[in-house]
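Scroll down for the structure; my scribbles are underneath it.
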Amino acid sequence: MCGRYSIALGFVEVCDKLGVEVVDFFRDWRPTYNITPNFRGGTEQPIIVRSEAGSREARLARWWFIPEDWSQPFEKLPSSFNARVEDLHRRPFFRTALRSKRCMVPASGWREFKGERRNKQAYHFRLADPLFAFAGLWSTYHSPVGEVIDSYSIITTDSSAGAAEIHDRMPLILSPDHYGAWLDSALDSSPILTEEIARSQTRKLDYYPSNPIGNNGRFEGPEVIQPATSGPRKYEQLSLFDSASSERR
(Lines give C-alpha, C1' and ligand atoms only; values in the text may rest on other atoms or scores of the structure.)
Protein backbone atom coordinates (compact mmCIF):
# COMPACT_ATOMS: atom_id res chain seq x y z
CA MET A 1 0.00 0.00 0.00
CA CYS A 2 -0.98 2.31 -1.13
CA GLY A 3 -1.18 2.27 -4.91
CA ARG A 4 -4.77 3.33 -5.55
CA TYR A 5 -7.34 5.33 -3.65
CA SER A 6 -10.59 7.21 -4.23
CA ILE A 7 -12.29 10.46 -3.28
CA ALA A 8 -15.93 9.79 -4.06
CA LEU A 9 -17.39 12.92 -2.45
CA GLY A 10 -17.80 16.37 -3.94
CA PHE A 11 -15.37 19.13 -3.08
CA VAL A 12 -17.82 21.09 -0.91
CA GLU A 13 -18.32 17.98 1.22
CA VAL A 14 -14.57 17.43 1.44
CA CYS A 15 -13.99 21.00 2.61
CA ASP A 16 -16.80 20.85 5.14
CA LYS A 17 -15.75 17.50 6.57
CA LEU A 18 -12.06 18.39 6.90
CA GLY A 19 -12.50 21.99 8.01
CA VAL A 20 -10.97 23.63 4.93
CA GLU A 21 -10.98 27.43 5.09
CA VAL A 22 -8.86 28.38 2.05
CA VAL A 23 -8.78 26.84 -1.44
CA ASP A 24 -5.76 27.32 -3.72
CA PHE A 25 -6.56 25.32 -6.86
CA PHE A 26 -5.21 26.01 -10.35
CA ARG A 27 -7.95 24.02 -12.13
CA ASP A 28 -11.33 22.45 -11.47
CA TRP A 29 -11.50 19.19 -9.57
CA ARG A 30 -14.25 16.58 -9.30
CA PRO A 31 -14.66 13.24 -7.45
CA THR A 32 -11.99 10.80 -8.64
CA TYR A 33 -12.21 7.04 -8.17
CA ASN A 34 -8.99 5.60 -9.56
CA ILE A 35 -6.20 7.80 -8.21
CA THR A 36 -2.85 6.37 -9.29
CA PRO A 37 0.68 7.51 -8.35
CA ASN A 38 2.26 9.79 -10.93
CA PHE A 39 4.92 12.52 -10.80
CA ARG A 40 3.70 14.07 -14.05
CA GLY A 41 1.43 17.07 -14.42
CA GLY A 42 -2.31 16.71 -14.97
CA THR A 43 -2.70 14.07 -12.26
CA GLU A 44 -2.91 16.34 -9.21
CA GLN A 45 -5.28 15.57 -6.33
CA PRO A 46 -6.37 17.55 -3.24
CA ILE A 47 -4.27 17.70 -0.10
CA ILE A 48 -4.94 19.73 3.05
CA VAL A 49 -2.09 21.78 4.51
CA ARG A 50 -1.65 24.49 7.14
CA SER A 51 -1.33 27.93 5.58
CA GLU A 52 1.09 30.58 6.84
CA ALA A 53 -1.87 32.22 8.55
CA GLY A 54 -2.66 28.98 10.39
CA SER A 55 -5.83 28.04 8.48
CA ARG A 56 -6.50 24.74 6.70
CA GLU A 57 -5.81 25.15 3.02
CA ALA A 58 -6.72 22.80 0.17
CA ARG A 59 -4.37 22.66 -2.80
CA LEU A 60 -3.65 20.30 -5.68
CA ALA A 61 -0.51 18.18 -5.71
CA ARG A 62 1.05 15.26 -7.57
CA TRP A 63 0.98 11.92 -5.77
CA TRP A 64 4.71 11.22 -5.88
CA PHE A 65 6.88 13.06 -3.39
CA ILE A 66 9.49 15.36 -4.99
CA PRO A 67 11.96 16.77 -2.42
CA GLU A 68 12.47 20.52 -2.56
CA ASP A 69 16.17 20.06 -3.33
CA TRP A 70 15.72 17.40 -6.03
CA SER A 71 18.25 17.98 -8.83
CA GLN A 72 17.83 15.01 -11.17
CA PRO A 73 15.20 14.06 -13.77
CA PHE A 74 11.90 12.92 -12.25
CA GLU A 75 12.41 9.51 -13.83
CA LYS A 76 15.20 8.94 -11.31
CA LEU A 77 12.92 9.51 -8.32
CA PRO A 78 12.48 6.48 -6.05
CA SER A 79 8.97 5.12 -5.42
CA SER A 80 8.17 7.99 -3.08
CA PHE A 81 4.39 8.03 -3.34
CA ASN A 82 4.34 6.08 -0.06
CA ALA A 83 6.43 6.74 3.05
CA ARG A 84 6.88 3.92 5.57
CA VAL A 85 6.15 5.31 9.02
CA GLU A 86 9.02 3.37 10.60
CA ASP A 87 11.50 5.03 8.20
CA LEU A 88 10.43 8.66 8.56
CA HIS A 89 12.83 9.78 11.28
CA ARG A 90 15.88 8.04 9.88
CA ARG A 91 15.44 8.59 6.15
CA PRO A 92 16.74 12.00 4.95
CA PHE A 93 14.44 11.87 1.92
CA PHE A 94 11.37 12.58 4.12
CA ARG A 95 12.94 14.07 7.26
CA THR A 96 12.48 17.75 6.38
CA ALA A 97 8.85 17.27 5.36
CA LEU A 98 8.13 15.37 8.59
CA ARG A 99 9.32 18.38 10.57
CA SER A 100 7.68 21.16 8.63
CA LYS A 101 5.38 20.01 5.79
CA ARG A 102 2.83 17.51 7.02
CA CYS A 103 -0.50 17.23 5.20
CA MET A 104 -3.83 15.43 5.19
CA VAL A 105 -4.87 13.43 2.13
CA PRO A 106 -8.68 13.21 1.73
CA ALA A 107 -9.99 9.75 0.84
CA SER A 108 -13.18 7.72 0.78
CA GLY A 109 -11.41 4.39 0.28
CA TRP A 110 -8.33 2.65 -1.08
CA ARG A 111 -7.55 -0.53 -2.98
CA GLU A 112 -5.06 -3.34 -2.60
CA PHE A 113 -4.37 -6.17 -5.02
CA LYS A 114 -3.96 -9.87 -4.36
CA GLY A 115 -3.02 -12.73 -6.66
CA GLU A 116 -0.72 -13.43 -9.57
CA ARG A 117 0.79 -10.50 -11.45
CA ARG A 118 -1.41 -10.85 -14.52
CA ASN A 119 -4.49 -12.00 -12.64
CA LYS A 120 -4.74 -9.76 -9.60
CA GLN A 121 -8.00 -9.20 -7.75
CA ALA A 122 -8.56 -5.69 -6.38
CA TYR A 123 -10.03 -5.24 -2.89
CA HIS A 124 -11.64 -1.96 -1.94
CA PHE A 125 -11.18 -0.81 1.68
CA ARG A 126 -13.36 1.75 3.39
CA LEU A 127 -14.49 2.97 6.81
CA ALA A 128 -17.97 3.58 8.16
CA ASP A 129 -17.24 7.28 7.68
CA PRO A 130 -17.65 8.16 3.97
CA LEU A 131 -14.67 10.53 4.11
CA PHE A 132 -11.46 10.44 6.15
CA ALA A 133 -7.84 11.55 5.82
CA PHE A 134 -4.54 9.75 5.41
CA ALA A 135 -1.46 11.16 7.13
CA GLY A 136 0.80 12.59 4.45
CA LEU A 137 3.93 14.62 3.74
CA TRP A 138 4.20 17.26 1.05
CA SER A 139 6.73 19.45 -0.71
CA THR A 140 6.92 22.41 -3.08
CA TYR A 141 9.55 21.95 -5.78
CA HIS A 142 10.83 24.79 -8.00
CA SER A 143 12.04 23.42 -11.32
CA PRO A 144 14.98 24.87 -13.27
CA VAL A 145 12.51 26.32 -15.80
CA GLY A 146 10.43 28.10 -13.17
CA GLU A 147 7.63 25.57 -12.71
CA VAL A 148 6.23 25.32 -9.17
CA ILE A 149 5.14 21.77 -8.31
CA ASP A 150 3.40 20.58 -5.16
CA SER A 151 3.70 16.86 -4.44
CA TYR A 152 2.87 14.48 -1.60
CA SER A 153 3.37 11.03 -0.14
CA ILE A 154 0.94 8.88 1.87
CA ILE A 155 2.35 7.45 5.10
CA THR A 156 1.85 3.70 5.52
CA THR A 157 2.03 1.31 8.45
CA ASP A 158 1.70 -2.42 9.11
CA SER A 159 -1.75 -3.76 8.27
CA SER A 160 -4.20 -4.70 10.96
CA ALA A 161 -5.04 -8.39 11.36
CA GLY A 162 -8.01 -8.27 8.97
CA ALA A 163 -6.35 -6.14 6.29
CA ALA A 164 -3.21 -8.31 6.40
CA GLU A 165 -5.18 -11.07 4.69
CA ILE A 166 -4.97 -8.93 1.54
CA HIS A 167 -1.80 -6.86 1.97
CA ASP A 168 0.90 -6.37 4.61
CA ARG A 169 0.76 -2.54 4.50
CA MET A 170 -2.05 -0.01 4.83
CA PRO A 171 -2.31 3.79 4.85
CA LEU A 172 -2.01 5.51 8.20
CA ILE A 173 -5.42 7.09 8.81
CA LEU A 174 -5.62 10.22 10.94
CA SER A 175 -8.25 10.46 13.65
CA PRO A 176 -10.19 13.75 13.55
CA ASP A 177 -8.87 14.72 16.99
CA HIS A 178 -5.37 14.79 15.50
CA TYR A 179 -6.08 16.84 12.37
CA GLY A 180 -4.99 20.16 13.82
CA ALA A 181 -1.91 18.83 15.62
CA TRP A 182 -0.71 16.89 12.58
CA LEU A 183 -0.77 19.99 10.39
CA ASP A 184 0.95 22.16 13.03
CA SER A 185 4.71 21.94 12.41
CA ALA A 186 5.36 23.55 15.79
CA LEU A 187 4.23 20.30 17.42
CA ASP A 188 6.24 17.08 17.59
CA SER A 189 4.89 14.43 15.22
CA SER A 190 6.18 11.45 17.23
CA PRO A 191 3.34 11.20 19.81
CA ILE A 192 0.75 11.57 17.04
CA LEU A 193 2.31 8.83 14.95
CA THR A 194 2.65 6.50 17.93
CA GLU A 195 -1.00 6.88 18.85
CA GLU A 196 -2.28 6.58 15.29
CA ILE A 197 -0.22 3.44 14.66
CA ALA A 198 -1.86 1.87 17.71
CA ARG A 199 -5.33 2.97 16.62
CA SER A 200 -4.79 1.57 13.13
CA GLN A 201 -4.50 -1.94 14.51
CA THR A 202 -8.01 -1.87 15.97
CA ARG A 203 -9.83 0.41 13.50
CA LYS A 204 -12.82 -1.31 11.93
CA LEU A 205 -12.44 -1.70 8.17
CA ASP A 206 -14.84 -2.93 5.54
CA TYR A 207 -13.38 -4.43 2.36
CA TYR A 208 -14.66 -6.41 -0.60
CA PRO A 209 -13.46 -7.68 -4.01
CA SER A 210 -13.93 -4.78 -6.40
CA ASN A 211 -14.39 -4.44 -10.14
CA PRO A 212 -11.17 -5.44 -11.97
CA ILE A 213 -11.74 -2.65 -14.49
CA GLY A 214 -9.93 -0.50 -11.92
CA ASN A 215 -6.73 -2.52 -12.39
CA ASN A 216 -6.21 -0.34 -15.44
CA GLY A 217 -4.72 2.88 -14.11
CA ARG A 218 -5.99 4.78 -17.16
CA PHE A 219 -9.62 3.97 -16.41
CA GLU A 220 -11.54 6.52 -14.35
CA GLY A 221 -15.11 6.23 -13.10
CA PRO A 222 -17.25 5.03 -10.18
CA GLU A 223 -17.28 1.51 -11.63
CA VAL A 224 -13.84 0.84 -10.14
CA ILE A 225 -15.17 0.80 -6.57
CA GLN A 226 -18.21 -1.33 -7.32
CA PRO A 227 -18.17 -4.94 -6.07
CA ALA A 228 -16.76 -7.47 -8.50
CA THR A 229 -19.34 -9.43 -10.49
CA SER A 230 -19.10 -12.47 -12.70
CA GLY A 231 -19.47 -12.24 -16.46
CA PRO A 232 -18.15 -9.70 -18.95
CA ARG A 233 -19.30 -6.11 -18.79
CA LYS A 234 -18.59 -3.09 -20.96
CA TYR A 235 -17.59 0.30 -19.59
CA GLU A 236 -17.37 3.73 -21.09
CA GLN A 237 -13.96 5.31 -20.56
CA LEU A 238 -14.28 8.59 -18.64
CA SER A 239 -11.88 11.51 -18.79
CA LEU A 240 -9.94 11.91 -15.54
CA PHE A 241 -10.16 15.69 -15.55
CA ASP A 242 -12.19 18.37 -17.23
CA SER A 243 -8.99 20.25 -17.82
CA ALA A 244 -5.42 19.82 -16.71
CA SER A 245 -2.30 21.84 -16.31
CA SER A 246 1.11 21.00 -14.95
CA GLU A 247 1.75 24.53 -13.73
CA ARG A 248 0.58 26.27 -10.56
CA ARG A 249 1.63 29.57 -12.00
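By convention here, the chains of the C-alpha coordinates are called A, B, ... in the order presented, each chain's residues are numbered starting at 1, and ligands are numbered starting at 1 in the order presented.
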Against segment 83-98 of chain A, which residues of segment 154-211 of chain A fall within 8 Å? For each one I want the closest pair of atoms and the distance in Å (one decimal), counting only C-alpha atoms, rows by chain and increasing residue number, as a Markdown table.
| residue | atom | partner | partner_atom | distance |
| --- | --- | --- | --- | --- |
| A:Ile154 | CA | A:Ala83 | CA | 6.0 |
| A:Ile155 | CA | A:Ala83 | CA | 4.6 |
| A:Thr156 | CA | A:Arg84 | CA | 5.0 |
| A:Thr157 | CA | A:Val85 | CA | 5.8 |
| A:Ser189 | CA | A:Leu98 | CA | 7.4 |
| A:Leu193 | CA | A:Val85 | CA | 7.9 |
*Excluding same-chain residues fewer than 3 positions from Ile192 of chain A, what lies within 10 Å of it counting only C-alpha atoms, as a list in words?*
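Within the cut-off, the hits are Leu174, Ser175, His178, Tyr179, Ala181, Trp182, Leu187, Asp188, Ser189, Glu195, Glu196 and Ile197 of chain A.
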Using only N, CA and C atoms, please write the residues we just selected to a file, as a PDB file, in the first residue's frame.
ATOM      1  N   LEU A 174      -5.609   9.270   9.843  1.00  0.00           N
ATOM      2  CA  LEU A 174      -5.621  10.219  10.942  1.00  0.00           C
ATOM      3  C   LEU A 174      -6.986  10.256  11.606  1.00  0.00           C
ATOM      4  N   SER A 175      -7.006  10.253  12.915  1.00  0.00           N
ATOM      5  CA  SER A 175      -8.249  10.460  13.648  1.00  0.00           C
ATOM      6  C   SER A 175      -8.561  11.949  13.663  1.00  0.00           C
ATOM      7  N   HIS A 178      -6.764  14.498  15.775  1.00  0.00           N
ATOM      8  CA  HIS A 178      -5.365  14.791  15.495  1.00  0.00           C
ATOM      9  C   HIS A 178      -5.169  15.663  14.259  1.00  0.00           C
ATOM     10  N   TYR A 179      -6.227  16.053  13.594  1.00  0.00           N
ATOM     11  CA  TYR A 179      -6.080  16.836  12.370  1.00  0.00           C
ATOM     12  C   TYR A 179      -5.250  18.104  12.614  1.00  0.00           C
ATOM     13  N   ALA A 181      -3.269  19.052  15.133  1.00  0.00           N
ATOM     14  CA  ALA A 181      -1.911  18.830  15.620  1.00  0.00           C
ATOM     15  C   ALA A 181      -1.006  18.309  14.516  1.00  0.00           C
ATOM     16  N   TRP A 182      -1.529  17.447  13.653  1.00  0.00           N
ATOM     17  CA  TRP A 182      -0.710  16.887  12.584  1.00  0.00           C
ATOM     18  C   TRP A 182      -0.257  17.973  11.618  1.00  0.00           C
ATOM     19  N   LEU A 187       4.433  21.417  16.510  1.00  0.00           N
ATOM     20  CA  LEU A 187       4.232  20.296  17.417  1.00  0.00           C
ATOM     21  C   LEU A 187       5.011  19.082  16.945  1.00  0.00           C
ATOM     22  N   ASP A 188       5.483  18.297  17.893  1.00  0.00           N
ATOM     23  CA  ASP A 188       6.240  17.079  17.590  1.00  0.00           C
ATOM     24  C   ASP A 188       5.308  16.037  16.983  1.00  0.00           C
ATOM     25  N   SER A 189       5.727  15.432  15.885  1.00  0.00           N
ATOM     26  CA  SER A 189       4.887  14.432  15.221  1.00  0.00           C
ATOM     27  C   SER A 189       4.942  13.063  15.900  1.00  0.00           C
ATOM     28  N   GLU A 195       0.402   7.142  18.513  1.00  0.00           N
ATOM     29  CA  GLU A 195      -1.002   6.876  18.852  1.00  0.00           C
ATOM     30  C   GLU A 195      -1.788   6.391  17.639  1.00  0.00           C
ATOM     31  N   GLU A 196      -1.534   6.983  16.476  1.00  0.00           N
ATOM     32  CA  GLU A 196      -2.283   6.578  15.289  1.00  0.00           C
ATOM     33  C   GLU A 196      -1.880   5.178  14.825  1.00  0.00           C
ATOM     34  N   ILE A 197      -0.636   4.811  14.991  1.00  0.00           N
ATOM     35  CA  ILE A 197      -0.223   3.443  14.659  1.00  0.00           C
ATOM     36  C   ILE A 197      -1.000   2.454  15.520  1.00  0.00           C
TER      37      ILE A 197
END
task = Give the answer as one residue: which of A:Pro171, A:Gly42, A:Gly10, A:Gly180 has the shortest atom-to-atom distance to Cys103 of chain A, using only C-alpha atoms?
result =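 That would be A:Gly180, the residue with the smallest distance to Cys103 of chain A.
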From the list A:Pro227, A:Gly221, A:Pro78, A:Gly3, the nearest residue to Arg111 of chain A using only C-alpha atoms is A:Gly3
If you run DSSP on this backbone, which residues of segment 64-139 of chain A come out as alpha helix (DSSP H), and could you give them as a count of residues only?
9
